[in-house]
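Here's the structure, in C-alpha cells; my notes come after.
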Amino acid sequence: MFRENMNIYDLVITSVNMPDMDAFKLLELMGLEMGLLVIMLSVHGDTKLVKKGITHGTCDYLFKPVRIAELKNMRIPQSRKSLELFSL
C-alpha cells in the first residue's frame, strides 16, 4: 500500500511497540528505502531504544503520551535529504 502511494505521504509516525512488526524494520523500509521521514513513539525511556531509533534513521523520537504542543513545536525537515543536511 505505501509503496504504491508513497508520493502522497510526507511523514510516518509509528509506535516502537507494534504487535505484528518490528518498528525498526518498518523504519528501515519507510525511511531508507522509500525516503519518508519517520517519527517513533515509545512509552519506554530506554536510551538504548532511542539510540537504536536514531541510528536506524528516525528523524525524531518522542515519549508517550505525546502532547499536542510537542508536535506543534517540532522542527520537521521537509524531506529526508533536508534531514541529512540539517544534521551536518
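Residue numbering restarts at 1 in every chain; chains get A, B, ... in the order shown in the C-alpha cells, and ligands count up from 1 in that same order.
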
Please list as a list in words every residue within 12 Å of Asn5 (chain A), counting only C-alpha atoms and excluding residues in the same chain fewer than 5 positions away.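 Skipping anything fewer than 5 positions along the chain leaves Asp10, Met34 and Leu36 of chain A.
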
Keeping N, CA, C and O atoms, export the residues of the selection given above as a PDB file, in the first residue's frame.
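Wrote out-v2.pdb, looks like this:
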```pdb
ATOM      1  N   ASP A  10       4.276  12.304   3.477  1.00  0.00           N
ATOM      2  CA  ASP A  10       5.464  13.073   3.810  1.00  0.00           C
ATOM      3  C   ASP A  10       6.120  12.580   5.091  1.00  0.00           C
ATOM      4  O   ASP A  10       7.310  12.749   5.286  1.00  0.00           O
ATOM      5  N   MET A  34      12.149   4.129   1.108  1.00  0.00           N
ATOM      6  CA  MET A  34      11.148   4.962   0.463  1.00  0.00           C
ATOM      7  C   MET A  34      11.407   6.452   0.644  1.00  0.00           C
ATOM      8  O   MET A  34      10.729   7.280   0.064  1.00  0.00           O
ATOM      9  N   LEU A  36      10.923   8.338   3.271  1.00  0.00           N
ATOM     10  CA  LEU A  36       9.963   9.051   4.117  1.00  0.00           C
ATOM     11  C   LEU A  36      10.587   9.381   5.469  1.00  0.00           C
ATOM     12  O   LEU A  36      11.426   8.650   5.974  1.00  0.00           O
TER      13      LEU A  36
END
```

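Excluding Leu26 (chain A) itself and any same-chain residue fewer than 2 positions from it, the protein and nucleic acid residues within 12 Å of it, counting only C-alpha atoms, are A:Phe2, A:Val12, A:Ile13, A:Thr14, A:Ser15, A:Val16, A:Asn17, A:Met18, A:Asp20, A:Met21, A:Asp22, A:Ala23, A:Phe24, A:Glu28, A:Leu29, A:Met30, A:Gly31, A:Leu32, A:Glu33, A:Met34, A:Leu36, A:Leu37, A:Val38, A:Ile39, A:Met40, A:Gly53, A:His56, A:Gly57, A:Thr58.
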
Atomic distance CA of Lys64 (chain A) - CA of Leu49 (chain A), expressed in Å with one decimal: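 Here the two named atoms are 13.8 Å from each other.
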
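The space between CA of Ala69 (chain A) and CA of Lys52 (chain A) spans 25.3 Å.
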
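The residue that comes closest to Cys59 (chain A), out of A:Leu11, A:Leu71, A:Lys25, A:Val43 and on the basis of only C-alpha atoms, is A:Leu11.
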
Give me, as an NGL selection string, all polymer residues having an atom no more than 10 Å from Gly45 (chain A), counting only C-alpha atoms and skipping those fewer than 3 positions away in the same chain. :A and (42 or 48-50 or 62-64)

Take the residues from that selection and write them out as an mmCIF file, in the first residue's frame, keeping C-alpha atoms.
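Written out: out.cif:
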```cif
data_model
loop_
_atom_site.group_PDB
_atom_site.id
_atom_site.type_symbol
_atom_site.label_atom_id
_atom_site.label_comp_id
_atom_site.auth_asym_id
_atom_site.auth_seq_id
_atom_site.Cartn_x
_atom_site.Cartn_y
_atom_site.Cartn_z
ATOM 1 C CA SER A 42 7.509 4.916 22.865
ATOM 2 C CA LYS A 48 19.194 2.100 24.032
ATOM 3 C CA LEU A 49 15.892 2.203 22.126
ATOM 4 C CA VAL A 50 16.290 5.919 21.455
ATOM 5 C CA LEU A 62 9.051 11.053 21.304
ATOM 6 C CA PHE A 63 7.830 9.584 24.561
ATOM 7 C CA LYS A 64 4.172 8.759 25.134
#
```

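Secondary structure by DSSP on the backbone puts the following residues of region 13-65 of chain A in strand (DSSP E or B): Ile13, Thr14, Ser15, Leu37, Val38, Ile39, Met40, Leu41, Ser42, Asp60, Tyr61, Leu62 and Phe63 of chain A.
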
Output N, CA and C atoms of each residue in that selection to a file, as a compact mmCIF listing (two decimals), in the first residue's frame.
```
# COMPACT_ATOMS: atom_id res chain seq x y z
N ILE A 13 4.40 8.45 11.49
CA ILE A 13 4.53 8.44 12.95
C ILE A 13 4.12 7.05 13.40
N THR A 14 5.03 6.36 14.10
CA THR A 14 4.77 4.98 14.48
C THR A 14 5.22 4.70 15.91
N SER A 15 4.61 3.73 16.51
CA SER A 15 4.99 3.29 17.84
C SER A 15 6.12 2.27 17.74
N LEU A 37 10.17 10.49 6.04
CA LEU A 37 10.60 10.85 7.39
C LEU A 37 9.78 10.03 8.38
N VAL A 38 10.43 9.54 9.43
CA VAL A 38 9.76 8.70 10.41
C VAL A 38 10.00 9.25 11.82
N ILE A 39 8.91 9.38 12.57
CA ILE A 39 8.98 9.74 13.98
C ILE A 39 8.52 8.53 14.76
N MET A 40 9.30 8.13 15.75
CA MET A 40 8.95 6.97 16.57
C MET A 40 8.44 7.44 17.93
N LEU A 41 7.45 6.69 18.44
CA LEU A 41 6.86 6.95 19.75
C LEU A 41 7.08 5.75 20.65
N SER A 42 7.32 6.01 21.93
CA SER A 42 7.51 4.92 22.86
C SER A 42 7.09 5.32 24.26
N ASP A 60 12.94 11.80 14.57
CA ASP A 60 12.70 12.20 15.95
C ASP A 60 12.16 11.01 16.73
N TYR A 61 12.27 11.08 18.04
CA TYR A 61 11.84 10.01 18.93
C TYR A 61 11.13 10.68 20.10
N LEU A 62 9.85 10.42 20.26
CA LEU A 62 9.05 11.05 21.30
C LEU A 62 8.54 10.02 22.30
N PHE A 63 8.34 10.47 23.52
CA PHE A 63 7.83 9.58 24.56
C PHE A 63 6.34 9.81 24.76
```

Find, counting only C-alpha atoms, the residue in A:Ile8, A:Ile54, A:Ile68, A:Met74 that gets nearest to Leu27 (chain A).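 Checking each candidate against Leu27 (chain A), we get A:Ile54 as the closest.
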
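Every residue of region 28-68 of chain A with a DSSP assignment of helix (DSSP H, G or I), taken from the backbone, is listed as A:Glu28, A:Leu29, A:Met30, A:Gly31, A:Leu32, A:Glu33, A:Thr47, A:Lys48, A:Leu49, A:Val50, A:Lys51, A:Lys52, A:Gly53, A:Ile54, A:Thr55, A:Ile68.
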
For the residues selected in the previous step, produce a file with N, CA, C and O atoms as a PDB file, in the first residue's frame.
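Written file, result.pdb:
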```pdb
ATOM      1  N   GLU A  28      13.311   1.085   8.690  1.00  0.00           N
ATOM      2  CA  GLU A  28      14.237   0.795   7.587  1.00  0.00           C
ATOM      3  C   GLU A  28      13.518   0.844   6.244  1.00  0.00           C
ATOM      4  O   GLU A  28      13.983   1.467   5.298  1.00  0.00           O
ATOM      5  N   LEU A  29      12.350   0.223   6.168  1.00  0.00           N
ATOM      6  CA  LEU A  29      11.593   0.197   4.916  1.00  0.00           C
ATOM      7  C   LEU A  29      11.067   1.574   4.531  1.00  0.00           C
ATOM      8  O   LEU A  29      11.213   2.008   3.393  1.00  0.00           O
ATOM      9  N   MET A  30      10.442   2.256   5.482  1.00  0.00           N
ATOM     10  CA  MET A  30       9.813   3.549   5.195  1.00  0.00           C
ATOM     11  C   MET A  30      10.846   4.650   5.009  1.00  0.00           C
ATOM     12  O   MET A  30      10.761   5.447   4.089  1.00  0.00           O
ATOM     13  N   GLY A  31      11.791   4.705   5.935  1.00  0.00           N
ATOM     14  CA  GLY A  31      12.749   5.795   5.908  1.00  0.00           C
ATOM     15  C   GLY A  31      13.821   5.653   4.855  1.00  0.00           C
ATOM     16  O   GLY A  31      14.018   6.542   4.028  1.00  0.00           O
ATOM     17  N   LEU A  32      14.482   4.532   4.876  1.00  0.00           N
ATOM     18  CA  LEU A  32      15.630   4.374   3.993  1.00  0.00           C
ATOM     19  C   LEU A  32      15.244   3.981   2.573  1.00  0.00           C
ATOM     20  O   LEU A  32      15.726   4.565   1.617  1.00  0.00           O
ATOM     21  N   GLU A  33      14.371   3.013   2.430  1.00  0.00           N
ATOM     22  CA  GLU A  33      14.007   2.549   1.091  1.00  0.00           C
ATOM     23  C   GLU A  33      13.079   3.520   0.376  1.00  0.00           C
ATOM     24  O   GLU A  33      13.198   3.714  -0.824  1.00  0.00           O
ATOM     25  N   THR A  47      17.273   4.515  26.871  1.00  0.00           N
ATOM     26  CA  THR A  47      18.192   5.222  25.967  1.00  0.00           C
ATOM     27  C   THR A  47      18.704   4.317  24.855  1.00  0.00           C
ATOM     28  O   THR A  47      19.021   4.804  23.778  1.00  0.00           O
ATOM     29  N   LYS A  48      18.755   3.024  25.096  1.00  0.00           N
ATOM     30  CA  LYS A  48      19.194   2.100  24.032  1.00  0.00           C
ATOM     31  C   LYS A  48      18.205   2.103  22.871  1.00  0.00           C
ATOM     32  O   LYS A  48      18.600   2.060  21.708  1.00  0.00           O
ATOM     33  N   LEU A  49      16.909   2.152  23.184  1.00  0.00           N
ATOM     34  CA  LEU A  49      15.892   2.203  22.126  1.00  0.00           C
ATOM     35  C   LEU A  49      15.956   3.524  21.366  1.00  0.00           C
ATOM     36  O   LEU A  49      15.819   3.555  20.150  1.00  0.00           O
ATOM     37  N   VAL A  50      16.178   4.609  22.097  1.00  0.00           N
ATOM     38  CA  VAL A  50      16.290   5.919  21.455  1.00  0.00           C
ATOM     39  C   VAL A  50      17.491   5.917  20.502  1.00  0.00           C
ATOM     40  O   VAL A  50      17.378   6.322  19.341  1.00  0.00           O
ATOM     41  N   LYS A  51      18.624   5.438  20.978  1.00  0.00           N
ATOM     42  CA  LYS A  51      19.831   5.382  20.141  1.00  0.00           C
ATOM     43  C   LYS A  51      19.619   4.481  18.933  1.00  0.00           C
ATOM     44  O   LYS A  51      20.043   4.810  17.828  1.00  0.00           O
ATOM     45  N   LYS A  52      18.956   3.354  19.156  1.00  0.00           N
ATOM     46  CA  LYS A  52      18.687   2.443  18.041  1.00  0.00           C
ATOM     47  C   LYS A  52      17.799   3.119  16.997  1.00  0.00           C
ATOM     48  O   LYS A  52      18.039   3.000  15.797  1.00  0.00           O
ATOM     49  N   GLY A  53      16.777   3.847  17.445  1.00  0.00           N
ATOM     50  CA  GLY A  53      15.915   4.577  16.521  1.00  0.00           C
ATOM     51  C   GLY A  53      16.680   5.606  15.722  1.00  0.00           C
ATOM     52  O   GLY A  53      16.534   5.714  14.507  1.00  0.00           O
ATOM     53  N   ILE A  54      17.529   6.357  16.395  1.00  0.00           N
ATOM     54  CA  ILE A  54      18.306   7.392  15.719  1.00  0.00           C
ATOM     55  C   ILE A  54      19.299   6.781  14.745  1.00  0.00           C
ATOM     56  O   ILE A  54      19.438   7.246  13.612  1.00  0.00           O
ATOM     57  N   THR A  55      19.975   5.718  15.153  1.00  0.00           N
ATOM     58  CA  THR A  55      20.949   5.094  14.246  1.00  0.00           C
ATOM     59  C   THR A  55      20.264   4.395  13.071  1.00  0.00           C
ATOM     60  O   THR A  55      20.870   4.215  12.033  1.00  0.00           O
ATOM     61  N   ILE A  68       0.100  17.657  22.276  1.00  0.00           N
ATOM     62  CA  ILE A  68      -0.107  18.386  21.023  1.00  0.00           C
ATOM     63  C   ILE A  68       0.927  19.503  20.887  1.00  0.00           C
ATOM     64  O   ILE A  68       1.458  19.749  19.807  1.00  0.00           O
TER      65      ILE A  68
END
```
